[in-house]
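Input: a single structure, listed below in structure tokens.
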Amino acid sequence: MSLRPSPLPTAHPLRYSYGTNGLTDLRLDDALSLLADLGYDGVGLTLDHMHLDPLAPDLAARTQKLARRLDELGLGVTIETGARYVLDPRRKHGPSLLDPDPDQRARRADLLVRAVQIATDLGAHAVHCFSGILPKDPAGEAGTEGQEVTAEDAAWKRLAETLTPVLDAATAAGIPLAVEPEPGHLLATLDDFHRLRTDLGSPDALGLTLDIGHCQCLEPLSPADCVRAAAPWLRHVQIEDMRRGVHEHLPFGDGEIDFPPVLEALAAVGYQGLVSVELPRHSHAGPQLAQQSLPFLHHAAAVSTPPDADRPPNPGEGPTDSDGRTP
């Protein structure tokens, strides 16, 4: 029996995916088949040993096989790089882009460059990453005139320098690198994203991953207002429920977010990438939550869709080719 839900009549333009970090108890092909049967438009693919290991042999052949399977199933894809122990079996998310050891930072950068190549081979619409947390007891560094700069300023400098070759690869591939503000990390907020963007000189390849739950958790703006504020740089969206001040990814309905305004805002700004359900600590119930999440989003989108949603925009309305939004 097919698990595909009956589609709801709606002109809403958003496309939904589900993150494989919430389906780690399934083989990758089983996870993809499940999502296709349920009616998802795509998948948020976390590079990890459970599914597509970016460090194992024969990566190109495995990626090519996966590309064929995604095409067969009609699934789009975003590449996620938030695997907990893909580089270091003892340090969660280590080494990061902020590691005091330049060789260790280079390992993370190399993984991201590899992710850009995988994204190219799969036709992904973005590569996601995040900064990492400020290292414990980081040493200050000398400034341009010999004065010592703060550990935090030194970390921002490391972040920009380490991301530069990744952005070069993303630019060459024509695939945006979508940095995610992550609670507890150096780059934790939308303001922090803009600091990095300014430090790097606003490269075209640098975009934003907006996690709707993180907006609820710590941003001063509402999640819908965060969408509108982030629109020019928005390249990837993650979505789940969350409570104010508590960084815990929750199934829809278990938190405090009002989703119809969020989805209406995403549609209004012209976002065309995938909106990916992000429940990395619920893999034990992944198939059930995947089945429940899509009807929830369809219903919330139907509630949010204005009566003239299928009206062609008037001249001057909606995103343009030059406004920096996702094409």
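Chain labels run A, B, ... following the order of the structure tokens; each chain numbers its residues from 1, and ligands are numbered from 1 in the order shown.
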
message: Neighbouring residues of segment 85-91 of chain A were defined as those with any atom within 8 Å, considering only C-alpha atoms; residues of the same chain fewer than 3 positions away were excluded. Please report them as a count of residues only.
response: 7

task: Enumerate the residues of segment 59-150 of chain A with a DSSP assignment of strand (DSSP E), computed from the backbone, and present them as JSON, numbers by chain.
output: {"A": [76, 77, 78, 79, 80, 127, 128, 129, 141, 142, 148, 149]}

Using all heavy atoms, can you export the residues from the last selection as a compact mmCIF listing (two decimals), in the first residue's frame?
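Result went into out_0.txt, see below:
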```txt
# COMPACT_ATOMS: atom_id res chain seq x y z
N GLY A 76 14.39 16.19 -5.43
CA GLY A 76 15.47 17.16 -5.36
C GLY A 76 16.32 16.91 -4.12
O GLY A 76 15.98 16.08 -3.27
N VAL A 77 17.42 17.65 -3.99
CA VAL A 77 18.33 17.36 -2.88
C VAL A 77 19.07 18.61 -2.45
O VAL A 77 19.42 19.46 -3.27
CB VAL A 77 19.33 16.23 -3.28
CG1 VAL A 77 20.18 16.64 -4.46
CG2 VAL A 77 20.20 15.83 -2.09
N THR A 78 19.27 18.72 -1.16
CA THR A 78 20.20 19.68 -0.56
C THR A 78 21.25 18.87 0.19
O THR A 78 20.93 17.85 0.81
CB THR A 78 19.48 20.59 0.45
OG1 THR A 78 18.37 21.21 -0.19
CG2 THR A 78 20.43 21.65 0.97
N ILE A 79 22.50 19.33 0.14
CA ILE A 79 23.57 18.63 0.84
C ILE A 79 23.77 19.25 2.22
O ILE A 79 24.03 20.45 2.34
CB ILE A 79 24.89 18.68 0.05
CG1 ILE A 79 24.71 18.00 -1.30
CG2 ILE A 79 26.03 18.04 0.84
CD1 ILE A 79 24.31 16.54 -1.21
N GLU A 80 23.63 18.44 3.25
CA GLU A 80 23.81 18.86 4.64
C GLU A 80 25.14 18.33 5.15
O GLU A 80 25.51 17.19 4.86
CB GLU A 80 22.67 18.32 5.50
CG GLU A 80 21.28 18.71 5.03
CD GLU A 80 20.74 19.91 5.79
OE1 GLU A 80 21.47 20.46 6.65
OE2 GLU A 80 19.59 20.31 5.51
N VAL A 127 24.63 23.77 -0.61
CA VAL A 127 25.42 23.03 0.37
C VAL A 127 25.34 23.79 1.69
O VAL A 127 25.65 24.97 1.76
CB VAL A 127 26.89 22.90 -0.06
CG1 VAL A 127 27.73 22.28 1.06
CG2 VAL A 127 27.00 22.05 -1.32
N HIS A 128 24.91 23.09 2.72
CA HIS A 128 24.74 23.68 4.04
C HIS A 128 26.01 23.50 4.87
O HIS A 128 26.75 22.51 4.73
CB HIS A 128 23.57 22.98 4.73
CG HIS A 128 23.68 22.88 6.22
ND1 HIS A 128 24.41 21.90 6.87
CD2 HIS A 128 23.15 23.64 7.20
CE1 HIS A 128 24.32 22.05 8.16
NE2 HIS A 128 23.56 23.11 8.39
N CYS A 129 26.29 24.47 5.75
CA CYS A 129 27.36 24.29 6.74
C CYS A 129 27.10 25.22 7.91
O CYS A 129 26.20 26.06 7.87
CB CYS A 129 28.74 24.57 6.13
SG CYS A 129 29.07 26.31 5.77
N GLU A 141 45.36 36.33 19.10
CA GLU A 141 46.33 36.44 18.02
C GLU A 141 46.75 37.88 17.84
O GLU A 141 46.04 38.81 18.23
CB GLU A 141 45.72 35.90 16.71
CG GLU A 141 45.38 34.41 16.80
CD GLU A 141 44.81 33.90 15.50
OE1 GLU A 141 44.75 34.68 14.53
OE2 GLU A 141 44.42 32.72 15.46
N ALA A 142 47.91 38.08 17.26
CA ALA A 142 48.40 39.43 17.06
C ALA A 142 47.62 40.12 15.97
O ALA A 142 47.28 39.52 14.95
CB ALA A 142 49.88 39.39 16.70
N GLU A 148 47.28 42.52 20.60
CA GLU A 148 46.56 41.26 20.70
C GLU A 148 45.07 41.50 20.46
O GLU A 148 44.49 42.44 20.98
CB GLU A 148 46.77 40.63 22.08
CG GLU A 148 46.12 39.26 22.22
CD GLU A 148 46.48 38.57 23.53
OE1 GLU A 148 47.67 38.56 23.87
OE2 GLU A 148 45.56 38.07 24.18
N VAL A 149 44.47 40.66 19.63
CA VAL A 149 43.04 40.74 19.40
C VAL A 149 42.35 39.71 20.29
O VAL A 149 42.99 38.78 20.80
CB VAL A 149 42.70 40.47 17.92
CG1 VAL A 149 43.35 41.51 17.04
CG2 VAL A 149 43.13 39.07 17.50
```

query: Separation of atom CA of Pro135 of chain A and atom CA of His214 of chain A, in Å?
result: 21.5 Å

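Excluding Arg62 of chain A itself and any same-chain residue fewer than 2 positions from it, the protein and nucleic acid residues within 12 Å of it, counting only C-alpha atoms, are Leu28, His51, Leu52, Asp53, Pro54, Leu55, Ala56, Pro57, Asp58, Leu59, Ala60, Gln64, Lys65, Leu66, Ala67, Arg68, Arg69, Ile118, Asp121 and Leu122 of chain A.
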